[in-house]
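*Asks:* Below is the file coords_4.txt, with compact mmCIF, C-alpha atoms.
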# COMPACT_ATOMS: atom_id res chain seq x y z
CA MET D 1 -58.08 98.27 -83.68
CA ASN D 2 -59.02 94.84 -85.05
CA ILE D 3 -56.76 92.81 -82.76
CA THR D 4 -56.69 89.13 -83.69
CA GLU D 5 -54.99 86.02 -82.39
CA GLU D 6 -53.04 85.84 -85.64
CA LYS D 7 -51.59 89.32 -85.06
CA VAL D 8 -50.59 88.39 -81.50
CA LEU D 9 -48.89 85.18 -82.67
CA GLN D 10 -47.08 87.09 -85.39
CA ALA D 11 -45.75 89.51 -82.76
CA LEU D 12 -44.74 86.72 -80.39
CA SER D 13 -42.92 84.95 -83.22
CA GLN D 14 -40.35 87.73 -82.85
CA VAL D 15 -39.57 86.62 -79.28
CA ASN D 16 -36.89 83.94 -78.98
CA ASP D 17 -36.23 81.61 -76.09
CA PRO D 18 -32.67 82.69 -75.12
CA ASP D 19 -31.57 79.11 -74.45
CA LEU D 20 -33.27 77.21 -77.25
CA GLN D 21 -32.63 79.89 -79.90
CA GLN D 22 -36.04 79.58 -81.54
CA ASP D 23 -39.14 81.73 -81.25
CA LEU D 24 -41.85 80.94 -78.71
CA VAL D 25 -44.50 80.24 -81.35
CA THR D 26 -42.39 77.71 -83.26
CA LEU D 27 -41.47 76.03 -79.97
CA GLY D 28 -45.17 75.69 -79.09
CA MET D 29 -44.75 77.62 -75.85
CA ILE D 30 -47.75 79.95 -76.37
CA LYS D 31 -50.86 78.46 -74.76
CA ASP D 32 -54.49 79.48 -74.10
CA LEU D 33 -54.37 82.54 -76.34
CA GLU D 34 -57.37 84.88 -76.35
CA ALA D 35 -57.14 88.17 -78.22
CA ASN D 36 -59.60 90.88 -79.24
CA ASP D 37 -59.94 94.65 -79.05
CA GLU D 38 -60.89 94.43 -75.36
CA SER D 39 -57.97 92.38 -74.02
CA ILE D 40 -55.09 90.05 -74.80
CA ARG D 41 -54.32 87.06 -72.61
CA PHE D 42 -52.10 84.02 -73.04
CA ALA D 43 -49.75 81.70 -71.18
CA VAL D 44 -46.07 81.04 -71.87
CA GLU D 45 -45.23 77.43 -71.03
CA LEU D 46 -41.53 77.28 -70.12
CA THR D 47 -39.44 74.12 -70.29
CA THR D 48 -38.77 74.06 -66.55
CA PRO D 49 -40.16 75.85 -63.47
CA ALA D 50 -36.54 76.62 -62.57
CA CYS D 51 -35.98 78.62 -65.76
CA PRO D 52 -33.56 81.47 -64.92
CA MET D 53 -34.78 83.52 -67.92
CA LYS D 54 -38.49 83.68 -67.05
CA GLU D 55 -38.49 87.41 -66.23
CA ALA D 56 -36.61 88.25 -69.41
CA ILE D 57 -39.03 86.17 -71.51
CA HIS D 58 -42.04 87.81 -69.82
CA GLN D 59 -40.69 91.30 -70.53
CA ALA D 60 -39.85 90.41 -74.14
CA CYS D 61 -43.45 89.28 -74.68
CA VAL D 62 -44.78 92.52 -73.21
CA ASN D 63 -42.47 94.55 -75.45
CA ALA D 64 -43.51 92.62 -78.56
CA ILE D 65 -47.23 93.10 -77.90
CA ARG D 66 -46.85 96.80 -77.08
CA LEU D 67 -44.69 97.49 -80.12
CA LEU D 68 -46.39 95.33 -82.75
CA VAL D 69 -50.03 94.93 -81.62
CA SER D 70 -51.28 97.58 -79.21
CA LYS D 71 -49.76 100.10 -76.83
CA ASP D 72 -52.61 100.15 -74.32
CA VAL D 73 -54.98 97.15 -74.59
CA PRO D 74 -55.15 95.26 -71.24
CA LEU D 75 -52.57 92.47 -71.32
CA SER D 76 -52.36 89.35 -69.13
CA ILE D 77 -49.43 86.90 -69.44
CA ASN D 78 -49.34 83.77 -67.30
CA ILE D 79 -45.93 82.11 -67.00
CA THR D 80 -46.27 78.35 -66.51
CA ALA D 81 -43.88 75.42 -66.92
CA ARG D 82 -43.85 71.84 -68.14
CA VAL D 83 -40.56 70.03 -67.81
CA THR D 84 -39.44 68.66 -71.17
CA SER D 85 -38.35 65.10 -71.78
CA VAL D 86 -37.09 63.04 -74.70
CA ARG D 87 -37.14 59.70 -72.88
CA PRO D 88 -39.23 57.09 -74.73
CA GLN D 89 -42.57 56.67 -72.96
CA THR D 90 -42.57 52.95 -73.81
CA ASN D 91 -39.57 52.31 -71.56
CA ASP D 92 -40.52 49.72 -68.94
CA ILE D 93 -38.00 51.03 -66.40
CA LEU D 94 -39.01 54.33 -64.77
CA PRO D 95 -41.65 55.05 -67.43
CA ASN D 96 -42.95 58.11 -65.56
CA VAL D 97 -39.58 59.80 -64.97
CA LYS D 98 -38.94 62.59 -67.46
CA ASN D 99 -35.24 63.24 -66.85
CA ILE D 100 -32.44 61.28 -65.18
CA ILE D 101 -29.47 63.39 -64.07
CA ALA D 102 -26.26 61.72 -62.90
CA VAL D 103 -24.08 63.61 -60.41
CA ALA D 104 -20.50 62.35 -60.71
CA SER D 105 -17.05 63.44 -59.59
CA GLY D 106 -14.34 60.95 -60.39
CA LYS D 107 -12.76 61.73 -57.00
CA GLY D 108 -14.24 61.25 -53.55
CA GLY D 109 -14.41 64.00 -50.97
CA VAL D 110 -15.29 66.86 -53.30
CA GLY D 111 -18.81 67.32 -51.92
CA LYS D 112 -20.70 65.46 -54.63
CA SER D 113 -23.46 64.27 -52.28
CA THR D 114 -23.80 67.77 -50.84
CA ILE D 115 -24.29 69.13 -54.36
CA ALA D 116 -26.76 66.35 -55.24
CA SER D 117 -28.81 67.02 -52.08
CA ASN D 118 -29.04 70.76 -52.62
CA LEU D 119 -29.71 70.31 -56.33
CA ALA D 120 -32.65 68.00 -55.66
CA ILE D 121 -34.18 70.31 -53.07
CA GLY D 122 -33.59 73.41 -55.19
CA LEU D 123 -35.42 71.86 -58.15
CA ALA D 124 -38.26 70.80 -55.85
CA LEU D 125 -38.51 74.32 -54.41
CA SER D 126 -38.94 75.65 -57.96
CA GLY D 127 -42.08 73.51 -58.33
CA ALA D 128 -40.68 70.39 -60.02
CA SER D 129 -41.33 66.83 -58.86
CA VAL D 130 -37.97 65.35 -57.85
CA GLY D 131 -36.48 62.06 -56.71
CA LEU D 132 -32.98 61.48 -55.33
CA MET D 133 -31.27 58.09 -55.50
CA ASP D 134 -28.10 57.32 -53.54
CA ALA D 135 -26.15 55.08 -55.92
CA ASP D 136 -23.05 55.15 -53.73
CA ILE D 137 -23.75 51.64 -52.44
CA HIS D 138 -20.55 51.27 -50.39
CA GLY D 139 -20.55 54.76 -48.89
CA PRO D 140 -24.14 56.03 -48.70
CA SER D 141 -24.70 59.41 -47.10
CA LEU D 142 -27.93 60.94 -48.40
CA HIS D 143 -30.01 59.39 -45.61
CA MET D 144 -27.89 61.38 -43.14
CA MET D 145 -27.92 64.59 -45.16
CA PHE D 146 -31.72 64.48 -45.25
CA GLY D 147 -32.07 63.65 -41.55
CA ILE D 148 -33.84 60.33 -42.16
CA LYS D 149 -31.17 57.86 -41.04
CA SER D 150 -33.41 56.39 -38.33
CA GLU D 151 -36.34 55.87 -40.72
CA HIS D 152 -37.18 52.87 -42.87
CA PRO D 153 -39.00 52.99 -46.21
CA GLU D 154 -42.39 51.35 -46.51
CA ILE D 155 -42.68 48.09 -48.44
CA ILE D 156 -45.89 47.61 -50.43
CA LEU D 157 -47.15 44.80 -52.64
CA LYS D 158 -47.51 45.92 -56.27
CA LYS D 159 -48.19 43.63 -59.23
CA GLY D 160 -47.38 40.62 -57.12
CA LYS D 161 -43.96 41.76 -55.84
CA ASN D 162 -42.60 43.76 -52.93
CA THR D 163 -41.97 47.39 -53.87
CA ILE D 164 -40.05 50.00 -51.88
CA VAL D 165 -41.63 53.42 -51.32
CA PRO D 166 -39.00 56.21 -51.07
CA ILE D 167 -39.11 58.48 -48.04
CA GLU D 168 -40.27 62.00 -48.88
CA ARG D 169 -38.38 64.84 -47.22
CA PHE D 170 -38.25 68.54 -48.14
CA GLY D 171 -40.44 67.73 -51.16
CA VAL D 172 -37.96 65.16 -52.52
CA LYS D 173 -38.41 61.38 -52.75
CA VAL D 174 -35.21 59.91 -51.30
CA LEU D 175 -33.83 56.39 -51.36
CA SER D 176 -30.46 55.21 -50.06
CA ILE D 177 -29.02 51.81 -49.24
CA GLY D 178 -28.29 53.41 -45.87
CA LEU D 179 -32.01 53.17 -45.11
CA LEU D 180 -32.02 49.41 -45.69
CA VAL D 181 -28.92 48.16 -43.85
CA ASP D 182 -27.43 48.47 -40.37
CA GLU D 183 -25.79 51.90 -40.19
CA GLN D 184 -22.84 50.55 -38.19
CA SER D 185 -22.07 47.70 -40.60
CA ALA D 186 -19.72 47.97 -43.55
CA ILE D 187 -21.25 47.08 -46.92
CA VAL D 188 -18.66 44.60 -48.20
CA TRP D 189 -20.10 43.63 -51.57
CA ARG D 190 -18.39 42.70 -54.80
CA GLY D 191 -19.23 44.72 -57.91
CA PRO D 192 -22.02 42.44 -59.17
CA MET D 193 -23.84 42.64 -55.83
CA ALA D 194 -23.64 46.44 -55.76
CA SER D 195 -24.87 46.59 -59.36
CA SER D 196 -27.75 44.27 -58.47
CA ALA D 197 -28.75 46.60 -55.64
CA LEU D 198 -28.77 49.53 -58.05
CA ARG D 199 -30.95 47.59 -60.49
CA GLN D 200 -33.46 47.03 -57.70
CA PHE D 201 -33.50 50.76 -56.99
CA PHE D 202 -34.77 51.19 -60.55
CA THR D 203 -37.10 48.21 -60.90
CA ASP D 204 -38.44 47.59 -57.38
CA VAL D 205 -39.08 51.15 -56.20
CA GLU D 206 -42.28 53.19 -56.51
CA TRP D 207 -40.82 56.48 -57.80
CA GLY D 208 -44.08 57.67 -59.37
CA ASP D 209 -44.22 60.69 -61.68
CA LEU D 210 -41.00 62.72 -61.59
CA ASP D 211 -39.68 65.65 -63.59
CA TYR D 212 -36.14 64.88 -62.42
CA LEU D 213 -34.49 61.86 -60.83
CA ILE D 214 -31.08 62.81 -59.46
CA ILE D 215 -28.58 59.93 -59.19
CA ASP D 216 -25.73 60.48 -56.71
CA LEU D 217 -22.98 58.27 -58.15
CA PRO D 218 -19.98 56.88 -56.24
CA PRO D 219 -16.46 58.17 -56.95
CA GLY D 220 -14.54 56.62 -59.80
CA THR D 221 -15.65 55.12 -63.10
CA GLY D 222 -16.75 51.56 -62.39
CA ASP D 223 -19.54 48.99 -62.24
CA ILE D 224 -22.22 51.30 -60.86
CA HIS D 225 -21.69 53.85 -63.64
CA LEU D 226 -21.88 51.17 -66.32
CA THR D 227 -24.99 49.64 -64.76
CA LEU D 228 -26.69 53.03 -64.73
CA VAL D 229 -26.08 53.88 -68.39
CA THR D 230 -26.99 50.38 -69.62
CA MET D 231 -30.26 50.24 -67.68
CA VAL D 232 -31.78 53.65 -68.37
CA PRO D 233 -31.28 56.53 -70.82
CA VAL D 234 -29.56 59.26 -68.82
CA THR D 235 -30.47 62.81 -69.83
CA GLY D 236 -27.10 64.17 -68.77
CA ALA D 237 -24.35 64.19 -66.16
CA VAL D 238 -23.16 66.95 -63.86
CA ILE D 239 -19.47 66.82 -62.90
CA VAL D 240 -18.50 68.03 -59.41
CA THR D 241 -14.91 69.02 -58.66
CA THR D 242 -12.83 71.23 -56.41
CA PRO D 243 -10.25 73.66 -57.88
CA GLN D 244 -7.22 71.55 -56.93
CA GLU D 245 -5.29 69.65 -59.56
CA VAL D 246 -5.79 66.17 -58.10
CA ALA D 247 -9.58 66.62 -58.16
CA LEU D 248 -9.53 68.10 -61.67
CA ALA D 249 -7.55 65.13 -62.99
CA ASP D 250 -10.20 62.69 -61.74
CA ALA D 251 -13.03 64.94 -62.94
CA GLN D 252 -11.45 64.85 -66.41
CA LYS D 253 -11.59 61.04 -66.29
CA ALA D 254 -15.30 61.20 -65.43
CA ILE D 255 -15.93 63.54 -68.37
CA SER D 256 -13.99 61.22 -70.67
CA MET D 257 -15.97 58.21 -69.43
CA PHE D 258 -19.32 59.78 -70.29
CA ALA D 259 -17.98 60.64 -73.77
CA LEU D 260 -17.11 57.01 -74.62
CA SER D 261 -19.06 55.70 -77.59
CA ASN D 262 -20.62 52.84 -75.61
CA ILE D 263 -21.79 55.27 -72.89
CA ASN D 264 -22.45 58.54 -74.75
CA VAL D 265 -24.06 60.57 -71.96
CA PRO D 266 -24.05 64.36 -72.46
CA VAL D 267 -22.21 66.32 -69.78
CA LEU D 268 -24.48 69.16 -68.72
CA GLY D 269 -21.66 71.07 -67.08
CA VAL D 270 -19.14 71.41 -64.28
CA ILE D 271 -19.85 72.54 -60.71
CA GLU D 272 -16.83 73.71 -58.75
CA ASN D 273 -17.35 73.07 -55.03
CA MET D 274 -15.24 74.56 -52.20
CA SER D 275 -14.18 77.28 -54.64
CA TYR D 276 -13.10 79.66 -51.89
CA PHE D 277 -13.44 80.16 -48.15
CA THR D 278 -15.31 83.11 -46.72
CA PRO D 279 -15.24 83.55 -42.90
CA ALA D 280 -18.55 84.55 -41.33
CA GLU D 281 -16.90 87.54 -39.65
CA LEU D 282 -15.35 88.71 -42.97
CA PRO D 283 -18.12 88.12 -45.52
CA GLU D 284 -16.40 90.20 -48.21
CA ASN D 285 -13.15 88.21 -48.10
CA LYS D 286 -12.38 85.23 -50.31
CA TYR D 287 -9.54 82.82 -49.62
CA PHE D 288 -8.78 80.37 -52.44
CA LEU D 289 -7.56 77.47 -50.34
CA PHE D 290 -7.56 74.79 -53.06
CA GLY D 291 -6.54 76.87 -56.05
CA ARG D 292 -8.50 79.13 -58.35
CA ASP D 293 -10.62 78.75 -61.50
CA GLY D 294 -9.83 75.06 -61.93
CA GLY D 295 -13.45 74.21 -62.73
CA LYS D 296 -13.68 76.99 -65.29
CA LEU D 297 -10.53 75.81 -67.02
CA LEU D 298 -11.82 72.23 -67.04
CA SER D 299 -15.08 73.40 -68.65
CA LYS D 300 -13.25 75.45 -71.26
CA ARG D 301 -10.87 72.60 -72.10
CA ASN D 302 -13.78 70.22 -72.70
CA ASN D 303 -16.10 72.80 -74.28
CA ILE D 304 -18.86 72.20 -71.74
CA PRO D 305 -20.80 74.73 -69.60
CA PHE D 306 -19.46 75.98 -66.29
CA ILE D 307 -22.52 75.87 -64.05
CA ALA D 308 -21.49 77.30 -60.69
CA GLU D 309 -18.84 77.84 -58.08
CA ILE D 310 -19.96 77.01 -54.54
CA PRO D 311 -18.00 78.51 -51.63
CA LEU D 312 -16.61 76.62 -48.66
CA ILE D 313 -18.86 77.87 -45.86
CA GLN D 314 -19.39 76.34 -42.44
CA SER D 315 -23.19 76.38 -42.75
CA ILE D 316 -23.03 74.03 -45.76
CA ARG D 317 -21.16 71.44 -43.70
CA GLU D 318 -23.45 71.98 -40.70
CA GLY D 319 -26.54 71.57 -42.88
CA GLY D 320 -25.31 68.21 -44.12
CA ASP D 321 -24.51 67.00 -40.61
CA LEU D 322 -27.82 68.20 -39.18
CA GLY D 323 -29.88 66.73 -42.00
CA ILE D 324 -31.09 70.12 -43.27
CA PRO D 325 -29.28 70.95 -46.55
CA ALA D 326 -27.95 74.48 -46.81
CA ILE D 327 -30.28 75.64 -49.59
CA LEU D 328 -33.08 75.64 -46.98
CA ASP D 329 -31.16 78.19 -44.89
CA GLY D 330 -33.21 81.22 -45.97
CA GLN D 331 -31.26 83.99 -47.70
CA GLY D 332 -27.67 85.03 -48.27
CA PRO D 333 -24.93 84.68 -50.90
CA MET D 334 -24.52 80.96 -50.27
CA VAL D 335 -28.22 80.20 -50.79
CA THR D 336 -28.24 82.41 -53.89
CA ALA D 337 -25.25 80.48 -55.30
CA LEU D 338 -27.02 77.16 -54.73
CA GLN D 339 -30.29 78.40 -56.24
CA ASN D 340 -28.48 79.70 -59.31
CA MET D 341 -26.77 76.31 -59.62
CA CYS D 342 -30.15 74.55 -59.64
CA ASN D 343 -31.57 76.94 -62.22
CA LYS D 344 -28.61 76.48 -64.54
CA VAL D 345 -28.77 72.68 -64.30
CA ALA D 346 -32.48 72.80 -65.22
CA GLN D 347 -31.59 75.18 -68.05
CA GLN D 348 -28.99 72.78 -69.42
CA VAL D 349 -31.44 69.86 -69.23
CA ALA D 350 -33.94 71.83 -71.32
CA ILE D 351 -31.23 72.75 -73.85
CA GLN D 352 -30.04 69.15 -74.08
CA ASN D 353 -33.59 67.88 -74.61
CA ALA D 354 -34.13 70.44 -77.36
CA LYS D 355 -30.89 69.39 -79.09
CA THR D 356 -31.88 65.73 -78.91
CA LYS D 357 -35.36 66.45 -80.27
CA TRP D 358 -34.03 68.50 -83.19
CA ASN D 359 -31.43 65.91 -84.08
Would you encode the structure as structure tokens?
*Replies:*
Amino acid sequence: MNITEEKVLQALSQVNDPDLQQDLVTLGMIKDLEANDESIRFAVELTTPACPMKEAIHQACVNAIRLLVSKDVPLSINITARVTSVRPQTNDILPNVKNIIAVASGKGGVGKSTIASNLAIGLALSGASVGLMDADIHGPSLHMMFGIKSEHPEIILKKGKNTIVPIERFGVKVLSIGLLVDEQSAIVWRGPMASSALRQFFTDVEWGDLDYLIIDLPPGTGDIHLTLVTMVPVTGAVIVTTPQEVALADAQKAISMFALSNINVPVLGVIENMSYFTPAELPENKYFLFGRDGGKLLSKRNNIPFIAEIPLIQSIREGGDLGIPAILDGQGPMVTALQNMCNKVAQQVAIQNAKTKWN
């Protein structure tokens, strides 16, 4: 048969990554190739462990080998992943964090922290290393959603200064101002003080090696947002909204803010939360309490991806209150919707990194 590595690579050059729109060989995704008349084996290194297209890519590789190389030689394909990054490695702030993802809303009360919590855990469940920072200094909530409100982060001495170690829960490194102040006390700080606290979360915290650092931003478009984008290069922002007009109007402001020339952060897409209500006793019924398709229309109007619609289900609220986010709740349509959301966010990060690299 005279099977060679060159023949295998030529066949695999016909297989495109559906998201990046280039072939696997050009993208450098084929690893550890061994090919002869006895067997063919190689690995496909995806751009994220949460890649929603992994099965399709695997099958396309099988089809290419069977059609263009050999119909019956033993074939072994190992699907692996290495999260991509275009952040400069010389950056002194968070040098070992590959991607920083801002979760913003414009309006409060749309479930932004719930989305951020489930997004972080979902990415961690896929095999990525993930951190979650609560940047809502005046109204922190992630410490409650992760069930760690009674815990306190460890303080270690590193390079001559005190450094905070995030608390790890559900495979995610979590840090919130709620872990550092009295839970019953209001945080009455002017903008510069809140911005200073955020700076410390970047410079005085031992985040370690992370594929993704999720930043849960406060509502609005103010000091915290500006501090974030001036301190670190943000890979992209996810906009959370509900379908109602008042939420969409504020979400539009958030999208417009990230598009400003002095900010210039790509918007990865829109997540519509509380899209519809489904009673537990009537799982097939959908009641559109806050309107319908608002998030989709917002995405279309701004020419950005629509990532997911998340239903209004009691278990999501209960998970947040109990400190066990809903994505950990086993199976069901709600968990599937949250997992798909996580996969699509990871997909958009990989696409954005590829665009930045090519440009």
*Asks:* Taking all atoms listed in the file into account, name the residue in D:Met334, D:Val181, D:Val205, D:Ala247 that is nearest to Leu157 (chain D).
*Replies:* D:Val205
*Asks:* Which of these residues is nearest to Ile239 (chain D), using only C-alpha atoms: D:Ser105, D:Asn273, D:Thr84, D:Asn303?
*Replies:* D:Ser105
*Asks:* With distances taken over all atoms listed in the file, which of D:Thr230, D:Thr47, D:Gln331, D:Asn340 is nearest to Ile263 (chain D)?
*Replies:*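 The shortest atom-to-atom distance to Ile263 (chain D) comes from D:Thr230.
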*Asks:* Taking (-42.3, 65.3, -70.0) in the file's coordinates, which residues come within 9 Å, counting only C-alpha atoms, written as JSON, numbers by chain?
*Replies:* {"D": [82, 83, 84, 85, 86, 87, 96, 97, 98, 99, 210, 211]}
*Asks:* Kindly save the residues from that selection, with C-alpha atoms included, as a PDB file, in the coordinates of the input.
*Replies:*
ATOM      1  CA  ARG D  82     -43.850  71.840 -68.140  1.00  0.00           C
ATOM      2  CA  VAL D  83     -40.560  70.030 -67.810  1.00  0.00           C
ATOM      3  CA  THR D  84     -39.440  68.660 -71.170  1.00  0.00           C
ATOM      4  CA  SER D  85     -38.350  65.100 -71.780  1.00  0.00           C
ATOM      5  CA  VAL D  86     -37.090  63.040 -74.700  1.00  0.00           C
ATOM      6  CA  ARG D  87     -37.140  59.700 -72.880  1.00  0.00           C
ATOM      7  CA  ASN D  96     -42.950  58.110 -65.560  1.00  0.00           C
ATOM      8  CA  VAL D  97     -39.580  59.800 -64.970  1.00  0.00           C
ATOM      9  CA  LYS D  98     -38.940  62.590 -67.460  1.00  0.00           C
ATOM     10  CA  ASN D  99     -35.240  63.240 -66.850  1.00  0.00           C
ATOM     11  CA  LEU D 210     -41.000  62.720 -61.590  1.00  0.00           C
ATOM     12  CA  ASP D 211     -39.680  65.650 -63.590  1.00  0.00           C
TER      13      ASP D 211
END
*Asks:* At a cut-off of 7 Å, using all atoms listed in the file, what residues contact Ile304 (chain D)? Leave out same-chain residues fewer than 4 positions from it and give the result as a PyMOL selection string.
*Replies:* chain D and resi 269+299-300
*Asks:* Keeping C-alpha atoms, export the residues of the selection given above as a PDB file, in the frame of the given file.
*Replies:*
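The resulting file, part-v7.pdb, is shown below:
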ATOM      1  CA  GLY D 269     -21.660  71.070 -67.080  1.00  0.00           C
ATOM      2  CA  SER D 299     -15.080  73.400 -68.650  1.00  0.00           C
ATOM      3  CA  LYS D 300     -13.250  75.450 -71.260  1.00  0.00           C
TER       4      LYS D 300
END
*Asks:* CA of Thr221 (chain D) and CA of Phe258 (chain D), how far apart in Å?
*Replies:*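 Separation of CA of Phe258 (chain D) and CA of Thr221 (chain D): 9.3 Å.
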*Asks:* What does the structure give for the distance between CA of Asp321 (chain D) and CA of Asp209 (chain D), in Å to one decimal?
*Replies:* 29.5 Å
*Asks:* Pick the closest to Ser117 (chain D) from D:Val265, D:Leu132, D:Leu46, D:Leu180: which is it, counting only C-alpha atoms?
*Replies:*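 Distance minimum relative to Ser117 (chain D) lands on D:Leu132.
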*Asks:* Ranking D:Ala280, D:Ile65, D:Ala56, D:Val246 by minimum distance to Lys107 (chain D) and counting all atoms listed in the file, which one comes first?
*Replies:*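 Of all the options, D:Val246 lies closest to Lys107 (chain D).
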*Asks:* Excluding same-chain residues fewer than 5 positions from Ile310 (chain D), what lies within 7 Å of it counting only C-alpha atoms, as a PyMOL selection string?
*Replies:* chain D and resi 272-275+337
*Asks:* Write out, as a short mmCIF file (atom, residue, chain, number, x, y, z; two decimals), in the frame of the given file, the residues just selected, with C-alpha atoms.
*Replies:*
data_model
loop_
_atom_site.label_atom_id
_atom_site.label_comp_id
_atom_site.auth_asym_id
_atom_site.auth_seq_id
_atom_site.Cartn_x
_atom_site.Cartn_y
_atom_site.Cartn_z
CA GLU D 272 -16.83 73.71 -58.75
CA ASN D 273 -17.35 73.07 -55.03
CA MET D 274 -15.24 74.56 -52.20
CA SER D 275 -14.18 77.28 -54.64
CA ALA D 337 -25.25 80.48 -55.30
#
*Asks:* Pick from D:Ile101, D:Asp223, D:Lys158, D:Gln59: nearest to Leu119 (chain D), with all atoms listed in the file counted?
*Replies:*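 Smallest separation from Leu119 (chain D) among the options: D:Ile101.
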*Asks:* Skip Met133 (chain D) itself and residues of its chain fewer than 5 positions away, then list as a VMD selection string all residues within 12 Å of it, counting all atoms listed in the file.
*Replies:* chain D and resid 100 to 103 113 116 to 117 120 140 to 143 166 to 168 172 to 179 197 to 202 205 207 212 to 218 228
*Asks:* Taking C-alpha atoms for each residue, export the selection above as a compact mmCIF listing (two decimals), in the frame of the given file.
*Replies:*
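Written out: selection28.txt:
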# COMPACT_ATOMS: atom_id res chain seq x y z
CA ILE D 100 -32.44 61.28 -65.18
CA ILE D 101 -29.47 63.39 -64.07
CA ALA D 102 -26.26 61.72 -62.90
CA VAL D 103 -24.08 63.61 -60.41
CA SER D 113 -23.46 64.27 -52.28
CA ALA D 116 -26.76 66.35 -55.24
CA SER D 117 -28.81 67.02 -52.08
CA ALA D 120 -32.65 68.00 -55.66
CA PRO D 140 -24.14 56.03 -48.70
CA SER D 141 -24.70 59.41 -47.10
CA LEU D 142 -27.93 60.94 -48.40
CA HIS D 143 -30.01 59.39 -45.61
CA PRO D 166 -39.00 56.21 -51.07
CA ILE D 167 -39.11 58.48 -48.04
CA GLU D 168 -40.27 62.00 -48.88
CA VAL D 172 -37.96 65.16 -52.52
CA LYS D 173 -38.41 61.38 -52.75
CA VAL D 174 -35.21 59.91 -51.30
CA LEU D 175 -33.83 56.39 -51.36
CA SER D 176 -30.46 55.21 -50.06
CA ILE D 177 -29.02 51.81 -49.24
CA GLY D 178 -28.29 53.41 -45.87
CA LEU D 179 -32.01 53.17 -45.11
CA ALA D 197 -28.75 46.60 -55.64
CA LEU D 198 -28.77 49.53 -58.05
CA ARG D 199 -30.95 47.59 -60.49
CA GLN D 200 -33.46 47.03 -57.70
CA PHE D 201 -33.50 50.76 -56.99
CA PHE D 202 -34.77 51.19 -60.55
CA VAL D 205 -39.08 51.15 -56.20
CA TRP D 207 -40.82 56.48 -57.80
CA TYR D 212 -36.14 64.88 -62.42
CA LEU D 213 -34.49 61.86 -60.83
CA ILE D 214 -31.08 62.81 -59.46
CA ILE D 215 -28.58 59.93 -59.19
CA ASP D 216 -25.73 60.48 -56.71
CA LEU D 217 -22.98 58.27 -58.15
CA PRO D 218 -19.98 56.88 -56.24
CA LEU D 228 -26.69 53.03 -64.73
*Asks:* To one decimal place in Å, what is the distance between CA of Ser39 (chain D) and CA of Asp23 (chain D)?
*Replies:*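 Taking CA of Ser39 (chain D) and CA of Asp23 (chain D), their separation equals 22.8 Å.
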*Asks:* List the residues sitting within 12 Å of (-35.3, 58.7, -38.2) in the file's frame, using only C-alpha atoms, as a PyMOL selection string.
*Replies:* chain D and resi 143-153+167+169+178-179+183+323
*Asks:* Show me, as a ChimeraX atom specification, the residues that have an atom within 9 Å of Pro219 (chain D) when counting all atoms listed in the file, minus same-chain residues fewer than 6 positions from it.
*Replies:* /D:104-109,112,136
*Asks:* Hey, what's within 9 Å of Glu34 (chain D) if we count all atoms listed in the file and toss same-chain stuff fewer than 6 positions away? As a compact mmCIF listing (two decimals) with C-alpha atoms, in the coordinates of the input, please?
*Replies:*
# COMPACT_ATOMS: atom_id res chain seq x y z
CA THR D 4 -56.69 89.13 -83.69
CA GLU D 5 -54.99 86.02 -82.39
CA ILE D 40 -55.09 90.05 -74.80
CA ARG D 41 -54.32 87.06 -72.61
CA PHE D 42 -52.10 84.02 -73.04
